[in-house]
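Visitor: The structure file final05.txt (compact mmCIF, C-alpha atoms and all ligand atoms) is provided below.
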# COMPACT_ATOMS: atom_id res chain seq x y z
CA MET V 1 55.08 2.86 67.83
CA LYS V 2 52.78 1.61 70.56
CA LYS V 3 50.68 4.75 70.16
CA ASN V 4 50.13 3.92 66.45
CA ILE V 5 49.04 0.39 67.27
CA ILE V 6 46.57 1.68 69.82
CA ASN V 7 45.29 4.26 67.34
CA ARG V 8 44.85 1.64 64.66
CA GLY V 9 42.99 -0.54 67.16
CA ASN V 10 40.69 2.35 67.98
CA MET V 11 40.19 3.10 64.30
CA SER V 12 39.25 -0.52 63.58
CA LYS V 13 36.86 -0.59 66.50
CA LYS V 14 35.13 2.64 65.50
CA THR V 15 34.96 1.62 61.83
CA ALA V 16 33.45 -1.75 62.77
CA GLU V 17 30.96 -0.06 65.09
CA ILE V 18 29.71 2.29 62.35
CA LYS V 19 29.64 -0.46 59.73
CA ASP V 20 27.70 -2.71 62.07
CA TYR V 21 25.17 0.06 62.66
CA PHE V 22 24.64 0.34 58.89
CA LEU V 23 24.42 -3.45 58.47
CA LYS V 24 21.70 -3.63 61.09
CA TYR V 25 19.80 -0.92 59.23
CA LEU V 26 20.12 -2.88 55.96
CA ASP V 27 18.77 -5.96 57.74
CA LYS V 28 15.84 -3.97 59.06
CA ILE V 29 14.87 -2.54 55.67
CA ASN V 30 15.78 -5.79 53.85
CA TYR V 31 18.09 -4.22 51.27
CA LYS V 32 21.65 -5.04 50.22
CA GLY V 33 24.30 -2.36 50.42
CA PHE V 34 27.90 -1.27 50.59
CA PHE V 35 29.99 0.44 53.25
CA GLY V 36 33.41 1.99 52.71
CA VAL V 37 35.67 4.76 53.97
CA ALA V 38 37.67 7.24 51.88
CA ASN V 39 40.46 9.59 52.84
CA PHE V 40 39.09 13.15 53.08
CA TYR V 41 42.15 14.78 51.56
CA SER V 42 42.26 12.43 48.52
CA VAL V 43 38.60 13.04 47.74
CA TYR V 44 38.90 16.78 48.27
CA ASN V 45 41.86 16.98 45.87
CA HIS V 46 39.91 15.27 43.09
CA LEU V 47 36.69 17.26 43.39
CA ILE V 48 35.93 20.03 40.91
CA ASP V 49 36.58 23.58 42.18
CA GLU V 50 32.91 24.30 42.92
CA GLN V 51 32.61 21.22 45.10
CA GLN V 52 35.86 21.94 46.92
CA GLU V 53 34.32 25.30 47.79
CA LYS V 54 31.16 23.55 48.90
CA LEU V 55 33.15 21.36 51.31
CA LYS V 56 35.00 24.39 52.67
CA LYS V 57 31.69 26.11 53.23
CA ILE V 58 30.25 23.10 55.07
CA LEU V 59 33.30 22.63 57.28
CA GLN V 60 34.30 26.29 57.80
CA ASP V 61 36.93 26.44 60.59
CA GLN V 62 37.01 22.64 60.91
CA PHE V 63 38.45 22.35 57.41
CA ASN V 64 42.12 22.18 58.45
CA GLU V 65 41.42 19.42 60.94
CA PHE V 66 39.60 17.41 58.26
CA GLU V 67 42.49 17.88 55.86
CA GLU V 68 44.78 16.40 58.48
CA LYS V 69 42.80 13.43 59.79
CA GLY V 70 39.32 13.46 58.27
CA THR V 71 37.63 10.63 56.43
CA ILE V 72 34.43 10.28 54.43
CA ILE V 73 32.11 7.32 54.85
CA SER V 74 30.46 6.08 51.67
CA LEU V 75 27.12 4.28 52.00
CA GLY V 76 25.43 2.49 49.11
CA ILE V 77 21.99 0.88 48.99
CA CYS V 78 21.29 -1.47 46.06
CA TYR V 79 18.22 -1.72 43.88
CA ASP V 80 16.37 -4.97 43.62
CA LEU V 81 17.70 -5.99 40.18
CA LYS V 82 14.15 -6.83 39.03
CA ILE V 83 13.25 -3.15 39.11
CA ILE V 84 16.13 -2.32 36.77
CA ASP V 85 14.35 -4.36 34.08
CA TYR V 86 11.47 -1.85 34.16
CA ILE V 87 13.72 0.78 32.59
CA ASN V 88 12.77 1.44 28.97
CA GLN V 89 10.76 -1.79 28.76
CA ILE V 90 8.91 -2.24 25.47
CA ASN V 91 5.47 -3.86 25.56
CA GLU V 92 3.74 -4.44 22.22
CA SER V 93 6.09 -1.98 20.51
CA VAL V 94 5.33 0.75 23.05
CA ILE V 95 7.61 1.96 25.86
CA ASP V 96 5.97 1.12 29.17
CA LYS V 97 6.34 4.45 30.98
CA GLU V 98 4.33 3.28 33.96
CA ARG V 99 6.96 0.65 34.69
CA TRP V 100 9.78 3.06 33.96
CA ASP V 101 8.22 5.34 36.59
CA MET V 102 8.35 2.46 39.08
CA TYR V 103 12.12 2.51 38.68
CA GLY V 104 11.97 6.28 39.29
CA SER V 105 9.90 5.77 42.46
CA GLU V 106 12.43 3.25 43.76
CA TYR V 107 15.22 5.73 42.97
CA LYS V 108 13.46 8.26 45.21
CA HIS V 109 12.73 5.67 47.89
CA ILE V 110 16.37 4.56 48.13
CA ASN V 111 17.44 8.19 48.33
CA ARG V 112 15.09 8.65 51.28
CA LEU V 113 16.52 5.55 52.99
CA LEU V 114 20.05 6.85 52.46
CA LYS V 115 19.12 10.25 53.78
CA ASP V 116 17.60 8.73 56.92
CA ILE V 117 20.47 6.39 57.75
CA SER V 118 23.22 8.88 56.94
CA SER V 119 21.58 11.49 59.20
CA GLU V 120 21.20 8.87 61.93
CA ILE V 121 24.85 7.78 61.66
CA ALA V 122 26.02 11.41 61.55
CA LEU V 123 24.08 12.19 64.71
CA LYS V 124 25.25 9.11 66.60
CA PHE V 125 28.92 9.23 65.54
CA ASN V 126 29.41 12.98 65.28
CA GLY V 127 29.68 13.28 61.49
CA ILE V 128 28.14 15.53 58.87
CA ALA V 129 25.77 13.86 56.40
CA ILE V 130 25.68 15.07 52.81
CA PRO V 131 22.27 14.21 51.31
CA PRO V 132 22.18 11.69 48.42
CA THR V 133 20.54 14.18 46.04
CA THR V 134 20.25 17.92 45.85
CA GLU V 135 16.44 17.66 45.88
CA THR V 136 16.34 20.68 43.59
CA PRO V 137 13.22 20.66 41.39
CA SER V 138 14.20 20.23 37.74
CA HIS V 139 12.48 23.50 36.74
CA GLU V 140 15.08 25.33 38.85
CA ILE V 141 17.92 23.79 36.85
CA ASN V 142 18.89 25.47 33.59
CA ASN V 143 22.08 23.54 32.97
CA PHE V 144 23.61 20.44 34.56
CA THR V 145 26.37 22.67 35.99
CA ASP V 146 23.71 24.16 38.31
CA TYR V 147 23.96 20.91 40.31
CA PHE V 148 27.67 21.37 40.99
CA LEU V 149 27.31 23.85 43.81
CA LYS V 150 24.64 21.86 45.56
CA THR V 151 26.45 18.69 46.57
CA ILE V 152 29.67 16.70 46.20
CA SER V 153 30.34 13.69 44.00
CA HIS V 154 29.24 10.63 46.00
CA ARG V 155 30.65 8.51 43.18
CA LEU V 156 34.13 9.93 43.79
CA VAL V 157 33.88 9.19 47.51
CA ALA V 158 32.79 5.59 46.79
CA GLU V 159 35.69 5.19 44.33
CA PHE V 160 38.23 6.27 46.94
CA ALA V 161 36.50 4.06 49.51
CA GLY V 162 37.20 1.08 47.23
CA ILE V 163 33.55 0.16 46.70
CA GLY V 164 33.84 0.12 42.92
CA TRP V 165 35.35 1.81 39.89
CA ARG V 166 34.27 4.57 37.54
CA GLY V 167 32.71 2.84 34.56
CA LYS V 168 32.57 3.97 30.96
CA ASN V 169 29.04 5.19 31.77
CA GLU V 170 30.70 7.48 34.38
CA LEU V 171 28.82 5.74 37.21
CA LEU V 172 30.23 3.77 40.11
CA ILE V 173 30.43 0.11 39.09
CA THR V 174 30.52 -2.59 41.76
CA GLU V 175 31.52 -6.16 41.04
CA LYS V 176 28.26 -7.82 42.05
CA TYR V 177 25.66 -5.12 41.55
CA GLY V 178 27.19 -3.14 38.71
CA PRO V 179 25.84 0.41 38.94
CA ALA V 180 22.51 -0.63 40.50
CA LEU V 181 22.89 1.33 43.70
CA ARG V 182 22.44 4.81 45.11
CA LEU V 183 25.11 6.49 47.21
CA THR V 184 25.56 9.01 49.96
CA SER V 185 28.47 10.29 52.06
CA ILE V 186 29.18 11.30 55.66
CA LEU V 187 32.08 13.58 56.62
CA MET V 188 33.90 12.28 59.71
CA ASN V 189 36.34 14.30 61.76
CA MET V 190 38.27 11.15 62.74
CA PRO V 191 40.57 8.60 61.15
CA LEU V 192 38.85 5.34 60.18
CA ILE V 193 40.10 2.27 58.31
CA GLN V 194 40.08 3.26 54.65
CA GLY V 195 39.50 1.29 51.46
CA GLU V 196 41.71 1.32 48.38
CA LYS V 197 40.77 2.75 45.01
CA MET V 198 40.10 -0.01 42.48
CA ARG V 199 41.33 -0.10 38.91
CA ARG V 200 38.69 0.08 36.18
CA LYS V 201 37.50 -3.40 35.27
CA CYS V 202 35.27 -2.61 32.28
CA GLY V 203 37.79 -4.14 29.90
CA ASP V 204 36.53 -4.24 26.30
CA CYS V 205 32.90 -3.95 27.33
CA ARG V 206 30.87 -1.23 25.56
CA ALA V 207 27.34 -2.18 26.60
CA CYS V 208 26.54 1.22 28.14
CA LEU V 209 28.08 3.13 25.22
CA ASP V 210 26.07 1.12 22.71
CA VAL V 211 22.79 1.98 24.40
CA CYS V 212 23.31 5.75 24.66
CA LYS V 213 24.38 8.01 21.81
CA PHE V 214 25.49 10.72 24.25
CA LEU V 215 27.80 8.41 26.20
CA ASN V 216 29.04 6.90 22.97
CA ASN V 217 29.89 10.34 21.65
CA LYS V 218 30.97 11.90 24.95
CA HIS V 219 34.45 12.84 23.78
CA ASN V 220 33.03 14.91 20.91
CA LEU V 221 30.24 16.63 22.82
CA LYS V 222 30.79 19.79 24.84
CA ASP V 223 29.46 17.93 27.88
CA TYR V 224 27.35 14.82 27.44
CA ARG V 225 25.73 15.43 30.85
CA GLU V 226 23.78 18.37 29.46
CA ASN V 227 22.53 16.19 26.57
CA CYS V 228 21.60 13.56 29.13
CA ARG V 229 19.68 16.11 31.25
CA LYS V 230 17.71 17.38 28.26
CA TYR V 231 16.95 13.87 27.04
CA ILE V 232 15.61 12.92 30.47
CA LEU V 233 13.31 15.96 30.48
CA SER V 234 12.06 14.97 27.02
CA LEU V 235 11.02 11.55 28.37
CA CYS V 236 8.42 13.23 30.64
CA LEU V 237 8.77 10.59 33.34
CA ASN V 238 7.67 11.40 36.88
CA SER V 239 11.10 11.21 38.49
CA ASN V 240 13.39 12.67 35.83
CA VAL V 241 15.70 9.68 35.73
CA CYS V 242 16.60 7.54 32.72
CA GLY V 243 18.81 4.62 33.76
CA LYS V 244 19.26 2.96 30.35
CA CYS V 245 23.03 2.95 30.92
CA ILE V 246 22.43 1.21 34.26
CA LYS V 247 20.21 -1.45 32.71
CA ALA V 248 22.71 -2.08 29.90
CA CYS V 249 25.48 -2.58 32.44
CA ILE V 250 23.39 -4.94 34.60
CA ASN V 251 22.18 -7.08 31.71
CA ASN V 252 24.96 -6.93 29.16
CA ARG V 253 28.28 -6.06 30.74
CA ILE V 254 30.82 -8.60 29.66
CA CYS V 255 32.50 -8.81 33.06
CA LYS V 256 29.20 -9.79 34.75
CA ASN V 257 29.91 -13.49 35.01
CA THR V 258 33.51 -12.94 36.06
CA PHE V 259 32.49 -11.12 39.20
CA ILE V 260 29.14 -12.47 40.15
CA ASN V 261 30.67 -15.43 42.00
CA SER V 262 33.91 -13.75 42.99
CA PRO V 263 34.79 -14.32 46.67
CA ASN V 264 36.26 -10.81 46.71
CA SER V 265 33.03 -9.10 45.76
CA LYS V 266 32.38 -6.44 48.31
CA ILE V 267 28.65 -6.75 48.78
CA ILE V 268 27.96 -6.57 52.52
S1 LIG V 301 20.96 8.30 31.94
FE1 LIG V 301 20.19 7.82 29.86
S2 LIG V 301 20.72 9.61 28.63
FE2 LIG V 301 21.89 9.75 30.50
S3 LIG V 301 23.87 8.82 30.05
FE3 LIG V 301 22.57 7.17 30.87
S4 LIG V 301 21.56 6.23 29.11
FE4 LIG V 301 22.41 8.18 28.45
S1 LIG V 302 28.40 -1.53 30.66
FE1 LIG V 302 30.47 -2.33 30.47
S2 LIG V 302 31.70 -0.56 29.84
FE2 LIG V 302 29.79 0.25 30.64
S3 LIG V 302 30.25 0.67 32.77
FE3 LIG V 302 29.33 -1.37 32.68
S4 LIG V 302 31.11 -2.76 32.60
FE4 LIG V 302 31.84 -0.70 32.06
Now that the file is in, can you turn its structure into structure tokens?
Guide:
Amino acid sequence: MKKNIINRGNMSKKTAEIKDYFLKYLDKINYKGFFGVANFYSVYNHLIDEQQEKLKKILQDQFNEFEEKGTIISLGICYDLKIIDYINQINESVIDKERWDMYGSEYKHINRLLKDISSEIALKFNGIAIPPTTETPSHEINNFTDYFLKTISHRLVAEFAGIGWRGKNELLITEKYGPALRLTSILMNMPLIQGEKMRRKCGDCRACLDVCKFLNNKHNLKDYRENCRKYILSLCLNSNVCGKCIKACINNRICKNTFINSPNSKII
């Protein structure tokens, strides 16, 4: 019994230490963000087969140890909500692609920040950072399934870490920042204090479905993600990101005002 108490004390201390390190980084770069911890085994069990294989390949002979006591840290860095407004903005009846590209540049910038801090934390606390994006050039991708082997679902990790829920737009939705954040994950060969998965809080909202015919029709399409990929290519933006379903959620989600002042909101 005493041993468990001591272990829990150590877990709390280590979790606080890593979280504090991330908070200091957020202060330095002047961004908001989220920190959470998921159970390795729970995430692993919910990944698609290809990504389970990917994890096995990364961990090799450490895999059994991770199954037993491993955790996965989820880090999120939020967009400045002003930049979300640049998505698909219409000026004098024309889509302002220059502004849309500014959202794309910020997408890349936040990915770089996440890559830097996750590598730093992994090095300092003996973890394994999984980059926020695959960084595969779009001309090397023939189908969205080509991405599967290259990474794991950071959204799933964040869900199990209790940072937010999986929205109807299939993105991670947080109470205060909706889906306006980028995510990355760090594999940790140690128990840490874990979050709890949240229930979906979209309610009757349909804002993201109303803005995207692929999302709206996702149950009838073979896989809406391939339609999404092709649509993004057709936009000819610099960063190959769309984000209309993010903007719709930020501006029009019906639960927005319920959560924005909630004392339980997990923004850190
Ligand atoms: S990114 Fe664009 S195309 Fe893809 S699901 Fe969202 S709104 Fe639809
Ligand atoms: S726009 Fe509404 S339905 Fe879509 S993810 Fe956001 S809260 Fe959920």
Visitor: Can you build me a table of range 128-226 of chain V residues sitting at most 12 Å from range 11-18 of chain V, with the closest atom pair per residue and its distance in Å to one decimal, using only C-alpha atoms, sorted by chain and residue number, as CSV?
Guide:
residue,atom,partner,partner_atom,distance
V:Ile186,CA,V:Ile18,CA,11.2
V:Met188,CA,V:Thr15,CA,10.9
V:Met190,CA,V:Met11,CA,8.4
V:Pro191,CA,V:Met11,CA,6.3
V:Leu192,CA,V:Met11,CA,4.9
V:Ile193,CA,V:Ser12,CA,6.0
V:Gln194,CA,V:Thr15,CA,9.0
V:Gly195,CA,V:Thr15,CA,11.3
Visitor: Please, could you write that set of residues out with C-alpha atoms as a PDB file, keeping the file's coordinate frame?
Guide:
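And here's part-v6.pdb as it stands now:
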ATOM      1  CA  ILE V 186      29.180  11.300  55.660  1.00  0.00           C
ATOM      2  CA  MET V 188      33.900  12.280  59.710  1.00  0.00           C
ATOM      3  CA  MET V 190      38.270  11.150  62.740  1.00  0.00           C
ATOM      4  CA  PRO V 191      40.570   8.600  61.150  1.00  0.00           C
ATOM      5  CA  LEU V 192      38.850   5.340  60.180  1.00  0.00           C
ATOM      6  CA  ILE V 193      40.100   2.270  58.310  1.00  0.00           C
ATOM      7  CA  GLN V 194      40.080   3.260  54.650  1.00  0.00           C
ATOM      8  CA  GLY V 195      39.500   1.290  51.460  1.00  0.00           C
TER       9      GLY V 195
END
Visitor: Smallest atom-to-atom distance to Gly243 in chain V: which of V:Trp100, V:Tyr25, V:Phe144, V:Phe66, using all atoms listed in the file?
Guide: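 So, comparing all the options, the nearest one is V:Trp100.
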Visitor: Between V:Leu171, V:Ile95, V:Leu221, V:Ile254, which one has atoms that come closest to ligand LIG 301 (chain V), using only C-alpha atoms and all ligand atoms?
Guide: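 Closest residue, counting only C-alpha atoms and all ligand atoms: V:Leu171.
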Visitor: Return the single residue from V:Lys56, V:Arg253, V:Lys201, V:Lys213 that is closest to ligand LIG 301 (chain V), with distances computed using only C-alpha atoms and all ligand atoms.
Guide: V:Lys213
Visitor: Please give me, as a PyMOL selection string, the residues lying within 8 Å of ligand LIG 301 (chain V) when counting only C-alpha atoms and all ligand atoms.
Guide: chain V and resi 169+208+211-215+224-225+227-229+231-232+241-246
Visitor: Please check which protein, DNA or RNA residues sit within 6 Å of ligand LIG 302 (chain V), counting all atoms listed in the file, and write them as a ChimeraX atom specification.
Guide: /V:167-169,202,205-208,248-249,253
Visitor: Take every atom of range 128-146 of chain V listed in the file, fit an axis-aligned box around them, add 5 Å per side, and give the centre and edge lengths in Å to one decimal as lines of an AutoDock Vina configuration file.
Guide:
center_x = 20.3
center_y = 18.6
center_z = 45.9
size_x = 25.7
size_y = 23.8
size_z = 35.9
Visitor: One number please: CA of His154 in chain V to CA of Asp116 in chain V, in Å, one decimal.
Guide: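 Straight-line distance from CA of His154 in chain V to CA of Asp116 in chain V works out to 16.1 Å.
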Visitor: Figure out the distance between CA of Leu156 in chain V and CA of Phe35 in chain V, please, to one decimal in Å.
Guide: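 A separation of 14.0 Å between them.
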Visitor: For range 224-235 of chain V, write N, CA and C atoms out as a PDB file, in the first residue's frame.
Guide:
ATOM      1  N   TYR V 224     -14.484   9.975 -46.667  1.00  0.00           N
ATOM      2  CA  TYR V 224     -14.527  11.418 -46.926  1.00  0.00           C
ATOM      3  C   TYR V 224     -13.123  12.034 -46.903  1.00  0.00           C
ATOM      4  N   ARG V 225     -12.165  11.376 -46.229  1.00  0.00           N
ATOM      5  CA  ARG V 225     -10.824  11.950 -46.108  1.00  0.00           C
ATOM      6  C   ARG V 225     -10.110  12.023 -47.454  1.00  0.00           C
ATOM      7  N   GLU V 226     -10.462  11.103 -48.351  1.00  0.00           N
ATOM      8  CA  GLU V 226      -9.875  11.169 -49.694  1.00  0.00           C
ATOM      9  C   GLU V 226     -10.498  12.338 -50.471  1.00  0.00           C
ATOM     10  N   ASN V 227     -11.798  12.555 -50.313  1.00  0.00           N
ATOM     11  CA  ASN V 227     -12.447  13.712 -50.947  1.00  0.00           C
ATOM     12  C   ASN V 227     -11.834  15.006 -50.415  1.00  0.00           C
ATOM     13  N   CYS V 228     -11.610  15.017 -49.124  1.00  0.00           N
ATOM     14  CA  CYS V 228     -11.011  16.190 -48.470  1.00  0.00           C
ATOM     15  C   CYS V 228      -9.613  16.444 -49.053  1.00  0.00           C
ATOM     16  N   ARG V 229      -8.810  15.401 -49.160  1.00  0.00           N
ATOM     17  CA  ARG V 229      -7.441  15.556 -49.690  1.00  0.00           C
ATOM     18  C   ARG V 229      -7.460  16.132 -51.099  1.00  0.00           C
ATOM     19  N   LYS V 230      -8.342  15.594 -51.937  1.00  0.00           N
ATOM     20  CA  LYS V 230      -8.401  16.058 -53.332  1.00  0.00           C
ATOM     21  C   LYS V 230      -8.908  17.496 -53.409  1.00  0.00           C
ATOM     22  N   TYR V 231      -9.870  17.828 -52.567  1.00  0.00           N
ATOM     23  CA  TYR V 231     -10.400  19.196 -52.552  1.00  0.00           C
ATOM     24  C   TYR V 231      -9.289  20.182 -52.172  1.00  0.00           C
ATOM     25  N   ILE V 232      -8.514  19.797 -51.160  1.00  0.00           N
ATOM     26  CA  ILE V 232      -7.427  20.682 -50.705  1.00  0.00           C
ATOM     27  C   ILE V 232      -6.428  20.905 -51.842  1.00  0.00           C
ATOM     28  N   LEU V 233      -6.084  19.857 -52.562  1.00  0.00           N
ATOM     29  CA  LEU V 233      -5.155  20.020 -53.699  1.00  0.00           C
ATOM     30  C   LEU V 233      -5.750  20.978 -54.722  1.00  0.00           C
ATOM     31  N   SER V 234      -7.075  20.869 -54.934  1.00  0.00           N
ATOM     32  CA  SER V 234      -7.723  21.712 -55.959  1.00  0.00           C
ATOM     33  C   SER V 234      -7.716  23.195 -55.563  1.00  0.00           C
ATOM     34  N   LEU V 235      -7.534  23.475 -54.266  1.00  0.00           N
ATOM     35  CA  LEU V 235      -7.509  24.878 -53.827  1.00  0.00           C
ATOM     36  C   LEU V 235      -6.211  25.593 -54.230  1.00  0.00           C
TER      37      LEU V 235
END
